[in-house]
file input.cif (mmCIF, C-alpha atoms and all ligand atoms; chains and numbers go by the auth columns)
data_structure
loop_
_atom_site.group_PDB
_atom_site.id
_atom_site.type_symbol
_atom_site.label_atom_id
_atom_site.label_comp_id
_atom_site.label_asym_id
_atom_site.label_seq_id
_atom_site.Cartn_x
_atom_site.Cartn_y
_atom_site.Cartn_z
_atom_site.B_iso_or_equiv
_atom_site.auth_seq_id
_atom_site.auth_asym_id
ATOM 1 C CA MET A 1 20.394 9.153 -2.538 0.00 728 D
ATOM 2 C CA LYS A 2 24.034 8.112 -2.500 0.00 729 D
ATOM 3 C CA GLU A 3 26.323 7.436 -5.430 0.00 730 D
ATOM 4 C CA ARG A 4 25.859 3.917 -6.724 0.00 731 D
ATOM 5 C CA ASN A 5 28.534 1.238 -6.436 0.00 732 D
ATOM 6 C CA ILE A 6 28.521 -0.959 -9.566 0.00 733 D
ATOM 7 C CA ILE A 7 29.768 -4.541 -9.167 0.00 734 D
ATOM 8 C CA GLN A 8 30.469 -6.004 -12.621 0.00 735 D
ATOM 9 C CA LEU A 9 30.809 -9.802 -12.828 0.00 736 D
ATOM 10 C CA ASN A 10 31.550 -12.024 -15.804 0.00 737 D
ATOM 11 C CA ALA A 11 29.202 -14.751 -14.620 0.00 738 D
ATOM 12 C CA THR A 12 27.168 -15.542 -11.535 0.00 739 D
ATOM 13 C CA ALA A 13 24.213 -17.682 -10.539 0.00 740 D
ATOM 14 C CA SER A 14 21.816 -14.786 -9.935 0.00 741 D
ATOM 15 C CA THR A 15 22.535 -11.073 -9.508 0.00 742 D
ATOM 16 C CA ASN A 16 19.451 -10.819 -7.268 0.00 743 D
ATOM 17 C CA ASP A 17 20.913 -13.442 -4.945 0.00 744 D
ATOM 18 C CA ASP A 18 24.345 -11.754 -4.894 0.00 745 D
ATOM 19 C CA LEU A 19 22.802 -8.401 -4.056 0.00 746 D
ATOM 20 C CA LYS A 20 20.511 -9.858 -1.386 0.00 747 D
ATOM 21 C CA ALA A 21 23.557 -11.449 0.302 0.00 748 D
ATOM 22 C CA ARG A 22 25.417 -8.101 0.282 0.00 749 D
ATOM 23 C CA ILE A 23 22.406 -6.318 1.799 0.00 750 D
ATOM 24 C CA ALA A 24 21.930 -8.990 4.477 0.00 751 D
ATOM 25 C CA ALA A 25 25.624 -8.712 5.443 0.00 752 D
ATOM 26 C CA SER A 26 25.642 -4.901 5.628 0.00 753 D
ATOM 27 C CA ASP A 27 25.210 -2.699 8.705 0.00 754 D
ATOM 28 C CA GLY A 28 23.799 0.226 6.764 0.00 755 D
ATOM 29 C CA PRO A 29 21.959 1.158 3.575 0.00 756 D
ATOM 30 C CA VAL A 30 23.364 -0.515 0.454 0.00 757 D
ATOM 31 C CA TRP A 31 23.329 1.343 -2.878 0.00 758 D
ATOM 32 C CA ASP A 32 24.989 -1.411 -4.893 0.00 759 D
ATOM 33 C CA VAL A 33 24.121 -2.553 -8.375 0.00 760 D
ATOM 34 C CA VAL A 34 25.256 -6.078 -9.272 0.00 761 D
ATOM 35 C CA THR A 35 25.486 -6.888 -12.969 0.00 762 D
ATOM 36 C CA ALA A 36 26.770 -9.969 -14.807 0.00 763 D
ATOM 37 C CA LYS A 37 27.411 -10.861 -18.432 0.00 764 D
ATOM 38 C CA MET A 38 25.572 -14.151 -17.909 0.00 765 D
ATOM 39 C CA GLN A 39 23.725 -15.997 -15.148 0.00 766 D
ATOM 40 C CA THR A 40 23.762 -19.726 -14.515 0.00 767 D
ATOM 41 C CA GLY A 41 20.769 -19.691 -12.144 0.00 768 D
ATOM 42 C CA GLY A 42 18.761 -16.651 -13.205 0.00 769 D
ATOM 43 C CA ARG A 43 15.461 -16.546 -11.325 0.00 770 D
ATOM 44 C CA GLY A 44 12.032 -15.361 -12.429 0.00 771 D
ATOM 45 C CA ARG A 45 8.693 -14.919 -10.678 0.00 772 D
ATOM 46 C CA LEU A 46 6.722 -17.865 -9.336 0.00 773 D
ATOM 47 C CA GLY A 47 9.915 -19.894 -8.785 0.00 774 D
ATOM 48 C CA ARG A 48 10.706 -20.077 -12.489 0.00 775 D
ATOM 49 C CA SER A 49 14.155 -19.920 -14.025 0.00 776 D
ATOM 50 C CA PHE A 50 15.233 -17.091 -16.326 0.00 777 D
ATOM 51 C CA PHE A 51 17.349 -18.106 -19.330 0.00 778 D
ATOM 52 C CA SER A 52 20.400 -15.795 -19.077 0.00 779 D
ATOM 53 C CA PRO A 53 23.006 -16.516 -21.783 0.00 780 D
ATOM 54 C CA PRO A 54 25.879 -14.158 -22.669 0.00 781 D
ATOM 55 C CA GLY A 55 24.604 -11.237 -24.704 0.00 782 D
ATOM 56 C CA GLY A 56 21.897 -10.080 -22.320 0.00 783 D
ATOM 57 C CA LEU A 57 21.757 -7.317 -19.737 0.00 784 D
ATOM 58 C CA TYR A 58 21.307 -8.743 -16.242 0.00 785 D
ATOM 59 C CA PHE A 59 21.414 -6.497 -13.214 0.00 786 D
ATOM 60 C CA SER A 60 19.975 -5.969 -9.755 0.00 787 D
ATOM 61 C CA ALA A 61 19.740 -2.555 -8.100 0.00 788 D
ATOM 62 C CA ALA A 62 19.368 -2.008 -4.363 0.00 789 D
ATOM 63 C CA LEU A 63 16.680 0.490 -3.347 0.00 790 D
ATOM 64 C CA PRO A 64 16.934 1.226 0.404 0.00 791 D
ATOM 65 C CA LEU A 65 13.505 2.078 1.860 0.00 792 D
ATOM 66 C CA THR A 66 12.391 3.930 4.988 0.00 793 D
ATOM 67 C CA GLY A 67 9.827 1.334 6.041 0.00 794 D
ATOM 68 C CA THR A 68 7.023 3.906 5.718 0.00 795 D
ATOM 69 C CA GLU A 69 6.306 3.188 2.041 0.00 796 D
ATOM 70 C CA THR A 70 2.637 2.318 1.585 0.00 797 D
ATOM 71 C CA ASN A 71 2.694 1.025 -1.983 0.00 798 D
ATOM 72 C CA VAL A 72 5.752 -1.215 -2.418 0.00 799 D
ATOM 73 C CA PRO A 73 3.885 -3.721 -4.664 0.00 800 D
ATOM 74 C CA CYS A 74 3.701 -1.179 -7.498 0.00 801 D
ATOM 75 C CA LEU A 75 7.535 -1.287 -7.754 0.00 802 D
ATOM 76 C CA THR A 76 7.517 -4.185 -10.231 0.00 803 D
ATOM 77 C CA LEU A 77 5.350 -2.246 -12.690 0.00 804 D
ATOM 78 C CA VAL A 78 7.321 0.951 -12.139 0.00 805 D
ATOM 79 C CA ALA A 79 10.596 -0.900 -12.815 0.00 806 D
ATOM 80 C CA GLY A 80 9.076 -2.336 -15.996 0.00 807 D
ATOM 81 C CA LEU A 81 8.025 1.163 -17.015 0.00 808 D
ATOM 82 C CA CYS A 82 11.582 2.449 -16.433 0.00 809 D
ATOM 83 C CA VAL A 83 13.018 -0.253 -18.729 0.00 810 D
ATOM 84 C CA CYS A 84 10.292 0.370 -21.294 0.00 811 D
ATOM 85 C CA GLU A 85 10.912 4.136 -21.405 0.00 812 D
ATOM 86 C CA ALA A 86 14.695 3.632 -21.536 0.00 813 D
ATOM 87 C CA LEU A 87 14.285 1.300 -24.545 0.00 814 D
ATOM 88 C CA GLU A 88 11.914 3.788 -26.195 0.00 815 D
ATOM 89 C CA ASP A 89 14.505 6.571 -25.848 0.00 816 D
ATOM 90 C CA LEU A 90 17.635 4.585 -26.686 0.00 817 D
ATOM 91 C CA CYS A 91 16.291 2.244 -29.385 0.00 818 D
ATOM 92 C CA GLY A 92 13.189 3.972 -30.747 0.00 819 D
ATOM 93 C CA ILE A 93 10.992 0.934 -30.076 0.00 820 D
ATOM 94 C CA GLU A 94 7.707 0.644 -28.190 0.00 821 D
ATOM 95 C CA PRO A 95 7.714 -2.469 -25.975 0.00 822 D
ATOM 96 C CA ARG A 96 4.482 -3.240 -24.105 0.00 823 D
ATOM 97 C CA ILE A 97 4.167 -4.047 -20.413 0.00 824 D
ATOM 98 C CA LYS A 98 2.562 -7.424 -19.702 0.00 825 D
ATOM 99 C CA TRP A 99 1.224 -7.304 -16.143 0.00 826 D
ATOM 100 C CA PRO A 100 2.914 -7.655 -13.804 0.00 827 D
ATOM 101 C CA ASN A 101 6.576 -8.058 -14.753 0.00 828 D
ATOM 102 C CA ASP A 102 7.325 -8.682 -18.411 0.00 829 D
ATOM 103 C CA LEU A 103 8.073 -6.488 -21.408 0.00 830 D
ATOM 104 C CA TYR A 104 6.919 -7.735 -24.778 0.00 831 D
ATOM 105 C CA LEU A 105 8.107 -6.743 -28.228 0.00 832 D
ATOM 106 C CA ASN A 106 6.240 -7.935 -31.329 0.00 833 D
ATOM 107 C CA GLY A 107 4.244 -10.381 -29.203 0.00 834 D
ATOM 108 C CA LYS A 108 7.255 -12.035 -27.528 0.00 835 D
ATOM 109 C CA LYS A 109 8.978 -11.593 -24.171 0.00 836 D
ATOM 110 C CA LEU A 110 11.983 -9.265 -24.321 0.00 837 D
ATOM 111 C CA CYS A 111 12.547 -8.530 -20.642 0.00 838 D
ATOM 112 C CA GLY A 112 11.625 -9.850 -17.204 0.00 839 D
ATOM 113 C CA ILE A 113 11.635 -8.071 -13.858 0.00 840 D
ATOM 114 C CA LEU A 114 11.959 -9.675 -10.431 0.00 841 D
ATOM 115 C CA CYS A 115 11.543 -7.369 -7.409 0.00 842 D
ATOM 116 C CA GLU A 116 12.199 -8.740 -3.950 0.00 843 D
ATOM 117 C CA LEU A 117 12.373 -7.284 -0.424 0.00 844 D
ATOM 118 C CA VAL A 118 15.271 -7.833 1.976 0.00 845 D
ATOM 119 C CA ASN A 119 14.570 -7.183 5.628 0.00 846 D
ATOM 120 C CA GLY A 120 18.179 -6.456 6.618 0.00 847 D
ATOM 121 C CA LYS A 121 19.333 -3.668 8.986 0.00 848 D
ATOM 122 C CA THR A 122 17.733 -1.366 6.413 0.00 849 D
ATOM 123 C CA LEU A 123 14.616 -2.572 4.598 0.00 850 D
ATOM 124 C CA THR A 124 15.712 -2.707 0.966 0.00 851 D
ATOM 125 C CA ALA A 125 13.975 -3.521 -2.290 0.00 852 D
ATOM 126 C CA VAL A 126 15.961 -5.352 -4.941 0.00 853 D
ATOM 127 C CA ALA A 127 14.935 -4.623 -8.523 0.00 854 D
ATOM 128 C CA GLY A 128 16.256 -7.342 -10.846 0.00 855 D
ATOM 129 C CA VAL A 129 16.138 -6.738 -14.579 0.00 856 D
ATOM 130 C CA GLY A 130 16.957 -9.102 -17.438 0.00 857 D
ATOM 131 C CA VAL A 131 16.830 -7.863 -21.040 0.00 858 D
ATOM 132 C CA ASN A 132 17.576 -10.055 -24.052 0.00 859 D
ATOM 133 C CA LEU A 133 19.892 -7.970 -26.197 0.00 860 D
ATOM 134 C CA THR A 134 21.938 -9.853 -28.787 0.00 861 D
ATOM 135 C CA ALA A 135 20.796 -13.494 -28.654 0.00 862 D
ATOM 136 C CA PRO A 136 20.208 -14.602 -32.280 0.00 863 D
ATOM 137 C CA LYS A 137 16.967 -16.557 -32.799 0.00 864 D
ATOM 138 C CA GLU A 138 18.757 -19.880 -33.236 0.00 865 D
ATOM 139 C CA THR A 139 20.493 -19.627 -29.833 0.00 866 D
ATOM 140 C CA ILE A 140 17.156 -19.310 -28.022 0.00 867 D
ATOM 141 C CA PRO A 141 16.155 -22.825 -26.878 0.00 868 D
ATOM 142 C CA GLU A 142 13.526 -24.441 -29.093 0.00 869 D
ATOM 143 C CA GLU A 143 10.910 -24.560 -26.329 0.00 870 D
ATOM 144 C CA LEU A 144 11.261 -20.777 -25.725 0.00 871 D
ATOM 145 C CA ARG A 145 11.610 -19.645 -29.351 0.00 872 D
ATOM 146 C CA GLN A 146 7.895 -18.995 -29.904 0.00 873 D
ATOM 147 C CA LYS A 147 7.647 -16.977 -26.692 0.00 874 D
ATOM 148 C CA VAL A 148 10.951 -15.144 -26.218 0.00 875 D
ATOM 149 C CA THR A 149 12.862 -12.671 -28.365 0.00 876 D
ATOM 150 C CA SER A 150 15.839 -10.301 -28.270 0.00 877 D
ATOM 151 C CA LEU A 151 16.509 -6.833 -29.701 0.00 878 D
ATOM 152 C CA TRP A 152 18.875 -8.420 -32.222 0.00 879 D
ATOM 153 C CA ALA A 153 16.303 -11.021 -33.314 0.00 880 D
ATOM 154 C CA GLU A 154 13.812 -8.171 -33.895 0.00 881 D
ATOM 155 C CA LYS A 155 16.404 -6.230 -35.958 0.00 882 D
ATOM 156 C CA VAL A 156 16.575 -3.403 -33.417 0.00 883 D
ATOM 157 C CA SER A 157 19.931 -1.658 -32.993 0.00 884 D
ATOM 158 C CA VAL A 158 21.308 -2.826 -29.660 0.00 885 D
ATOM 159 C CA PRO A 159 22.405 -0.159 -27.129 0.00 886 D
ATOM 160 C CA ALA A 160 25.566 -0.512 -25.030 0.00 887 D
ATOM 161 C CA PRO A 161 24.488 -2.573 -22.001 0.00 888 D
ATOM 162 C CA ALA A 162 26.088 -0.104 -19.561 0.00 889 D
ATOM 163 C CA ALA A 163 24.229 2.830 -21.129 0.00 890 D
ATOM 164 C CA LEU A 164 20.897 1.002 -20.966 0.00 891 D
ATOM 165 C CA MET A 165 21.521 -0.011 -17.354 0.00 892 D
ATOM 166 C CA LYS A 166 22.413 3.551 -16.314 0.00 893 D
ATOM 167 C CA ASP A 167 19.343 4.964 -18.020 0.00 894 D
ATOM 168 C CA VAL A 168 17.073 2.455 -16.257 0.00 895 D
ATOM 169 C CA ILE A 169 18.668 3.038 -12.839 0.00 896 D
ATOM 170 C CA ASP A 170 18.450 6.830 -13.195 0.00 897 D
ATOM 171 C CA ARG A 171 14.735 6.482 -13.952 0.00 898 D
ATOM 172 C CA LEU A 172 14.210 4.100 -11.012 0.00 899 D
ATOM 173 C CA ASP A 173 16.034 6.438 -8.629 0.00 900 D
ATOM 174 C CA ARG A 174 13.924 9.373 -9.829 0.00 901 D
ATOM 175 C CA ALA A 175 10.713 7.376 -9.405 0.00 902 D
ATOM 176 C CA VAL A 176 11.509 6.096 -5.900 0.00 903 D
ATOM 177 C CA TYR A 177 13.481 8.949 -4.280 0.00 904 D
ATOM 178 C CA GLN A 178 12.412 12.110 -6.136 0.00 905 D
ATOM 179 C CA ASP A 179 8.815 11.364 -7.114 0.00 906 D
ATOM 180 C CA ARG A 180 8.311 9.037 -4.109 0.00 907 D
ATOM 181 C CA VAL A 181 6.187 6.687 -6.152 0.00 908 D
ATOM 182 C CA LEU A 182 6.052 4.095 -3.348 0.00 909 D
ATOM 183 C CA SER A 183 4.558 6.570 -0.837 0.00 910 D
ATOM 184 C CA ASP A 184 2.784 9.310 -2.750 0.00 911 D
ATOM 185 C CA GLU A 185 -0.629 8.316 -4.127 0.00 912 D
ATOM 186 C CA ALA A 186 -0.711 11.001 -6.801 0.00 913 D
ATOM 187 C CA ALA A 187 2.761 10.012 -8.036 0.00 914 D
ATOM 188 C CA ALA A 188 1.738 6.341 -8.138 0.00 915 D
ATOM 189 C CA ALA A 189 -1.368 7.237 -10.168 0.00 916 D
ATOM 190 C CA ARG A 190 0.789 9.169 -12.673 0.00 917 D
ATOM 191 C CA TYR A 191 3.286 6.315 -13.061 0.00 918 D
ATOM 192 C CA ILE A 192 0.550 3.692 -13.370 0.00 919 D
ATOM 193 C CA GLY A 193 -1.084 5.892 -16.020 0.00 920 D
ATOM 194 C CA ARG A 194 2.165 5.614 -18.012 0.00 921 D
ATOM 195 C CA VAL A 195 2.136 1.844 -17.428 0.00 922 D
ATOM 196 C CA GLN A 196 -1.466 1.614 -18.695 0.00 923 D
ATOM 197 C CA ALA A 197 -0.571 3.534 -21.850 0.00 924 D
ATOM 198 C CA ARG A 198 1.877 0.712 -22.623 0.00 925 D
ATOM 199 C CA GLY A 199 -0.355 -2.172 -21.512 0.00 926 D
ATOM 200 C CA TYR A 200 0.039 -5.414 -23.475 0.00 927 D
ATOM 201 C CA LEU A 201 -3.038 -7.137 -22.059 0.00 928 D
ATOM 202 C CA THR A 202 -5.625 -4.350 -22.033 0.00 929 D
ATOM 203 C CA GLY A 203 -8.792 -5.459 -23.831 0.00 930 D
ATOM 204 C CA LYS A 204 -7.575 -9.059 -24.186 0.00 931 D
ATOM 205 C CA THR A 205 -9.435 -12.054 -22.757 0.00 932 D
ATOM 206 C CA VAL A 206 -7.244 -13.627 -20.097 0.00 933 D
ATOM 207 C CA SER A 207 -7.429 -16.335 -17.449 0.00 934 D
ATOM 208 C CA CYS A 208 -5.771 -16.428 -14.072 0.00 935 D
ATOM 209 C CA VAL A 209 -5.944 -18.696 -11.067 0.00 936 D
ATOM 210 C CA VAL A 210 -7.069 -17.066 -7.806 0.00 937 D
ATOM 211 C CA ASN A 211 -7.177 -19.229 -4.677 0.00 938 D
ATOM 212 C CA GLY A 212 -7.323 -22.359 -6.820 0.00 939 D
ATOM 213 C CA VAL A 213 -10.200 -21.032 -8.975 0.00 940 D
ATOM 214 C CA THR A 214 -9.635 -20.109 -12.631 0.00 941 D
ATOM 215 C CA LEU A 215 -11.144 -16.738 -13.513 0.00 942 D
ATOM 216 C CA THR A 216 -11.601 -15.716 -17.140 0.00 943 D
ATOM 217 C CA GLY A 217 -12.401 -12.173 -18.160 0.00 944 D
ATOM 218 C CA VAL A 218 -11.228 -9.120 -20.028 0.00 945 D
ATOM 219 C CA PHE A 219 -8.095 -7.406 -18.760 0.00 946 D
ATOM 220 C CA ALA A 220 -9.416 -3.915 -18.007 0.00 947 D
ATOM 221 C CA GLY A 221 -6.289 -2.157 -16.751 0.00 948 D
ATOM 222 C CA VAL A 222 -4.200 -1.617 -13.645 0.00 949 D
ATOM 223 C CA ALA A 223 -5.158 0.052 -10.337 0.00 950 D
ATOM 224 C CA PRO A 224 -2.771 2.605 -8.738 0.00 951 D
ATOM 225 C CA THR A 225 -1.756 -0.113 -6.269 0.00 952 D
ATOM 226 C CA GLY A 226 -0.471 -2.143 -9.202 0.00 953 D
ATOM 227 C CA ALA A 227 -3.336 -4.673 -8.963 0.00 954 D
ATOM 228 C CA ALA A 228 -4.751 -5.972 -12.255 0.00 955 D
ATOM 229 C CA LEU A 229 -8.399 -5.202 -13.036 0.00 956 D
ATOM 230 C CA LEU A 230 -10.275 -8.136 -14.527 0.00 957 D
ATOM 231 C CA ARG A 231 -13.783 -7.602 -15.958 0.00 958 D
ATOM 232 C CA LEU A 232 -15.779 -10.805 -15.502 0.00 959 D
ATOM 233 C CA PRO A 233 -18.581 -11.996 -17.833 0.00 960 D
ATOM 234 C CA ASP A 234 -21.241 -10.817 -15.319 0.00 961 D
ATOM 235 C CA GLY A 235 -19.892 -7.255 -15.653 0.00 962 D
ATOM 236 C CA SER A 236 -18.268 -7.148 -12.223 0.00 963 D
ATOM 237 C CA GLU A 237 -14.621 -6.179 -11.811 0.00 964 D
ATOM 238 C CA ARG A 238 -12.066 -8.096 -9.718 0.00 965 D
ATOM 239 C CA GLN A 239 -8.738 -6.753 -8.513 0.00 966 D
ATOM 240 C CA ILE A 240 -5.993 -9.360 -8.833 0.00 967 D
ATOM 241 C CA ILE A 241 -2.962 -8.723 -6.638 0.00 968 D
ATOM 242 C CA SER A 242 -0.646 -11.426 -7.916 0.00 969 D
ATOM 243 C CA GLY A 243 -0.564 -14.313 -10.333 0.00 970 D
ATOM 244 C CA GLU A 244 -0.147 -14.904 -14.005 0.00 971 D
ATOM 245 C CA MET A 245 -2.433 -13.826 -16.821 0.00 972 D
ATOM 246 C CA ILE A 246 -2.762 -16.384 -19.613 0.00 973 D
ATOM 247 C CA CYS A 247 -4.044 -14.899 -22.882 0.00 974 D
ATOM 248 C CA GLN A 248 -6.970 -16.784 -24.446 0.00 975 D
ATOM 249 C CA VAL A 249 -7.150 -16.782 -28.223 0.00 976 D
HETATM 250 C C1 LIG B . 10.628 -13.282 -14.860 0.00 1 G
HETATM 251 O O1 LIG B . 10.762 -13.509 -16.057 0.00 1 G
HETATM 252 O O2 LIG B . 9.716 -13.811 -14.183 0.00 1 G
HETATM 253 C C2 LIG B . 11.561 -12.322 -14.178 0.00 1 G
HETATM 254 C C3 LIG B . 12.970 -12.472 -14.643 0.00 1 G
HETATM 255 C C4 LIG B . 13.932 -11.568 -13.905 0.00 1 G
HETATM 256 C C5 LIG B . 15.355 -11.813 -14.347 0.00 1 G
HETATM 257 C C6 LIG B . 16.339 -10.877 -13.697 0.00 1 G
HETATM 258 S S1 LIG B . 17.926 -11.018 -14.464 0.00 1 G
HETATM 259 C C7 LIG B . 18.671 -10.143 -13.166 0.00 1 G
HETATM 260 C C8 LIG B . 18.019 -10.611 -11.897 0.00 1 G
HETATM 261 N N1 LIG B . 18.640 -11.812 -11.392 0.00 1 G
HETATM 262 C C9 LIG B . 17.804 -12.855 -11.369 0.00 1 G
HETATM 263 O O3 LIG B . 18.100 -14.007 -10.974 0.00 1 G
HETATM 264 N N2 LIG B . 16.615 -12.495 -11.836 0.00 1 G
HETATM 265 C C10 LIG B . 16.588 -11.092 -12.222 0.00 1 G
#
call {"tool": "encode", "arguments": {"input": "input.cif", "output": "structure tokens", "more": "lines below"}}
Ligand code: BTN
result
Amino acid sequence: MKERNIIQLNATASTNDDLKARIAASDGPVWDVVTAKMQTGGRGRLGRSFFSPPGGLYFSAALPLTGTETNVPCLTLVAGLCVCEALEDLCGIEPRIKWPNDLYLNGKKLCGILCELVNGKTLTAVAGVGVNLTAPKETIPEELRQKVTSLWAEKVSVPAPAALMKDVIDRLDRAVYQDRVLSDEAAAARYIGRVQARGYLTGKTVSCVVNGVTLTGVFAGVAPTGAALLRLPDGSERQIISGEMICQV
């Protein structure tokens, strides 16, 4: 692993897009981290936008791969775990991981993760992280207020953004390059065990759409591949690779 090159911007459309462009234009492995104080076109999963006002931490870290990794899909959960553990250590809180890419605090979304692959000269994963730090409740748009929160709104002491970012990136680097979580089955099982211990959905009744069909069942956990395990009313278990889990009340 090389030393990381941090590119700090005041504002940009999307740090993921900036980093992807740098990787695509490079002849060799890129170890950049792009961070911005705000984003005007922050992107989330499933083509959604990610509200990114000033006062949040927004960054994207490049993770060059060898091409031999067998379990790249678990990266989103591992990145979420890294943010979760960093927040536990720095802020003394216990966010929960909502499969596959959100962190929740007190029942509301605190952080979103967007991992993407760039097939440049070197295959590279981009881990994009957005954490709501200081947004007061009243600055969160009305339509998001019931669903989204920030550390400040939850009366949690807010860490320095640079310190939080460094802590998360150190954990990601350890997971990918030291513990080889994307290649080593035993390492993946250990990391996913830590994800499960922080699961937001476990035991809840959820619905998700698979191939146009809505499935409803109890969220039973996460497989080492990162797939969600859904227990259906007939007792059978389905592995869900991607999609969104909607909680039923
Ligand atoms: C989601 O909520 O579905 C994921 C949100 C991911 C947001 C982060 S912020 C930094 C990086 N740049 C983006 O455009 N998206 C990610």
call {"tool": "atom_distance", "arguments": {"input": "input.cif", "atom1": "atom N1 of ligand LIG 1 (chain G)", "atom2": "atom CA of Asp744 of chain D"}}
result
7.0 Å
call {"tool": "closest_residue", "arguments": {"input": "input.cif", "among": "D:Asn859, D:Gln923, D:Ser934, D:Ser963", "to": "ligand LIG 1 (chain G)", "atoms": "only C-alpha atoms and all ligand atoms"}}
result
D:Asn859
call {"tool": "residues_near_ligand", "arguments": {"input": "input.cif", "ligand": "ligand LIG 1 (chain G)", "cutoff": "8 Å", "atoms": "all atoms listed in the file", "output": "short mmCIF file (atom, residue, chain, number, x, y, z; two decimals) with C-alpha atoms, in the frame of the given file"}}
result
data_model
loop_
_atom_site.label_atom_id
_atom_site.label_comp_id
_atom_site.auth_asym_id
_atom_site.auth_seq_id
_atom_site.Cartn_x
_atom_site.Cartn_y
_atom_site.Cartn_z
CA ALA D 740 24.21 -17.68 -10.54
CA SER D 741 21.82 -14.79 -9.94
CA THR D 742 22.54 -11.07 -9.51
CA ASN D 743 19.45 -10.82 -7.27
CA ASP D 744 20.91 -13.44 -4.94
CA THR D 762 25.49 -6.89 -12.97
CA GLN D 766 23.72 -16.00 -15.15
CA GLY D 768 20.77 -19.69 -12.14
CA GLY D 769 18.76 -16.65 -13.20
CA ARG D 770 15.46 -16.55 -11.32
CA GLY D 771 12.03 -15.36 -12.43
CA ARG D 772 8.69 -14.92 -10.68
CA LEU D 773 6.72 -17.86 -9.34
CA ARG D 775 10.71 -20.08 -12.49
CA SER D 776 14.16 -19.92 -14.02
CA PHE D 777 15.23 -17.09 -16.33
CA SER D 779 20.40 -15.80 -19.08
CA LEU D 784 21.76 -7.32 -19.74
CA TYR D 785 21.31 -8.74 -16.24
CA PHE D 786 21.41 -6.50 -13.21
CA SER D 787 19.98 -5.97 -9.76
CA ASN D 828 6.58 -8.06 -14.75
CA ASP D 829 7.32 -8.68 -18.41
CA CYS D 838 12.55 -8.53 -20.64
CA GLY D 839 11.62 -9.85 -17.20
CA ILE D 840 11.64 -8.07 -13.86
CA LEU D 841 11.96 -9.68 -10.43
CA CYS D 842 11.54 -7.37 -7.41
CA ALA D 854 14.94 -4.62 -8.52
CA GLY D 855 16.26 -7.34 -10.85
CA VAL D 856 16.14 -6.74 -14.58
CA GLY D 857 16.96 -9.10 -17.44
CA VAL D 858 16.83 -7.86 -21.04
#
call {"tool": "axis_aligned_box", "arguments": {"input": "input.cif", "around": "segment 891-902 of chain D", "padding_each_side": "4 Å", "output": "JSON"}}
result
{"center_x": 16.6, "center_y": 4.7, "center_z": -14.8, "size_x": 19.7, "size_y": 17.4, "size_z": 20.3}
call {"tool": "residues_around", "arguments": {"input": "input.cif", "residues": "Thr941 of chain D", "least_positions_apart": "5", "cutoff": "12 Å", "atoms": "all atoms listed in the file", "output": "NGL selection string"}}
result
:D and (933-936 or 959 or 967 or 970-973)
call {"tool": "write_last_selection", "arguments": {"input": "input.cif", "atoms": "C-alpha atoms", "output": "short mmCIF file (atom, residue, chain, number, x, y, z; two decimals), in the frame of the given file"}}
result
data_model
loop_
_atom_site.label_atom_id
_atom_site.label_comp_id
_atom_site.auth_asym_id
_atom_site.auth_seq_id
_atom_site.Cartn_x
_atom_site.Cartn_y
_atom_site.Cartn_z
CA VAL D 933 -7.24 -13.63 -20.10
CA SER D 934 -7.43 -16.34 -17.45
CA CYS D 935 -5.77 -16.43 -14.07
CA VAL D 936 -5.94 -18.70 -11.07
CA LEU D 959 -15.78 -10.80 -15.50
CA ILE D 967 -5.99 -9.36 -8.83
CA GLY D 970 -0.56 -14.31 -10.33
CA GLU D 971 -0.15 -14.90 -14.00
CA MET D 972 -2.43 -13.83 -16.82
CA ILE D 973 -2.76 -16.38 -19.61
#
call {"tool": "resolve_selection", "arguments": {"input": "input.cif", "expression": "the PyMOL selection byres (((chain D and resi 875) around 9) and not hetatm)", "output": "VMD selection string"}}
result
chain D and resid 831 834 to 838 859 867 871 to 874 876 to 877
call {"tool": "atom_distance", "arguments": {"input": "input.cif", "atom1": "atom CA of Leu792 of chain D", "atom2": "atom CA of Lys764 of chain D"}}
result
27.8 Å
call {"tool": "closest_residue", "arguments": {"input": "input.cif", "among": "D:Gly939, D:Asp754, D:Glu964, D:Asn798", "to": "Ala913 of chain D", "atoms": "all atoms listed in the file"}}
result
D:Asn798
call {"tool": "atom_distance", "arguments": {"input": "input.cif", "atom1": "atom CA of Pro756 of chain D", "atom2": "atom CA of Cys809 of chain D"}}
result
22.6 Å
call {"tool": "resolve_selection", "arguments": {"input": "input.cif", "expression": "the PyMOL selection byres (((chain D and resi 803) around 7) and not hetatm)", "output": "ChimeraX atom specification"}}
result
/D:800-802,804-807,827-828,840,842
call {"tool": "residues_around", "arguments": {"input": "input.cif", "residues": "Ala890 of chain D", "least_positions_apart": "3", "cutoff": "12 Å", "atoms": "all atoms listed in the file", "output": "PyMOL selection string"}}
result
chain D and resi 784+810+813-814+816-818+885-887+893-897
call {"tool": "residues_around", "arguments": {"input": "input.cif", "residues": "Ile733 of chain D", "least_positions_apart": "5", "cutoff": "7 Å", "atoms": "all atoms listed in the file", "output": "VMD selection string"}}
result
chain D and resid 759 to 761
call {"tool": "write_last_selection", "arguments": {"input": "input.cif", "atoms": "C-alpha atoms", "output": "tab-separated table (two decimals), in the frame of the given file"}}
result
chain	number	residue	atom	x	y	z
D	759	ASP	CA	24.99	-1.41	-4.89
D	760	VAL	CA	24.12	-2.55	-8.38
D	761	VAL	CA	25.26	-6.08	-9.27
call {"tool": "residues_around", "arguments": {"input": "input.cif", "residues": "Ala954 of chain D", "least_positions_apart": "4", "cutoff": "7 Å", "atoms": "all atoms listed in the file", "output": "PyMOL selection string"}}
result
chain D and resi 949-950+966-968
call {"tool": "resolve_selection", "arguments": {"input": "input.cif", "expression": "the PyMOL selection byres (((chain D and resi 782) around 8) and not hetatm)", "output": "CSV table (one decimal) with C-alpha atoms, in the coordinates of the input"}}
result
chain,number,residue,atom,x,y,z
D,764,LYS,CA,27.4,-10.9,-18.4
D,765,MET,CA,25.6,-14.2,-17.9
D,780,PRO,CA,23.0,-16.5,-21.8
D,781,PRO,CA,25.9,-14.2,-22.7
D,783,GLY,CA,21.9,-10.1,-22.3
D,784,LEU,CA,21.8,-7.3,-19.7
D,859,ASN,CA,17.6,-10.1,-24.1
D,860,LEU,CA,19.9,-8.0,-26.2
D,861,THR,CA,21.9,-9.9,-28.8
D,862,ALA,CA,20.8,-13.5,-28.7
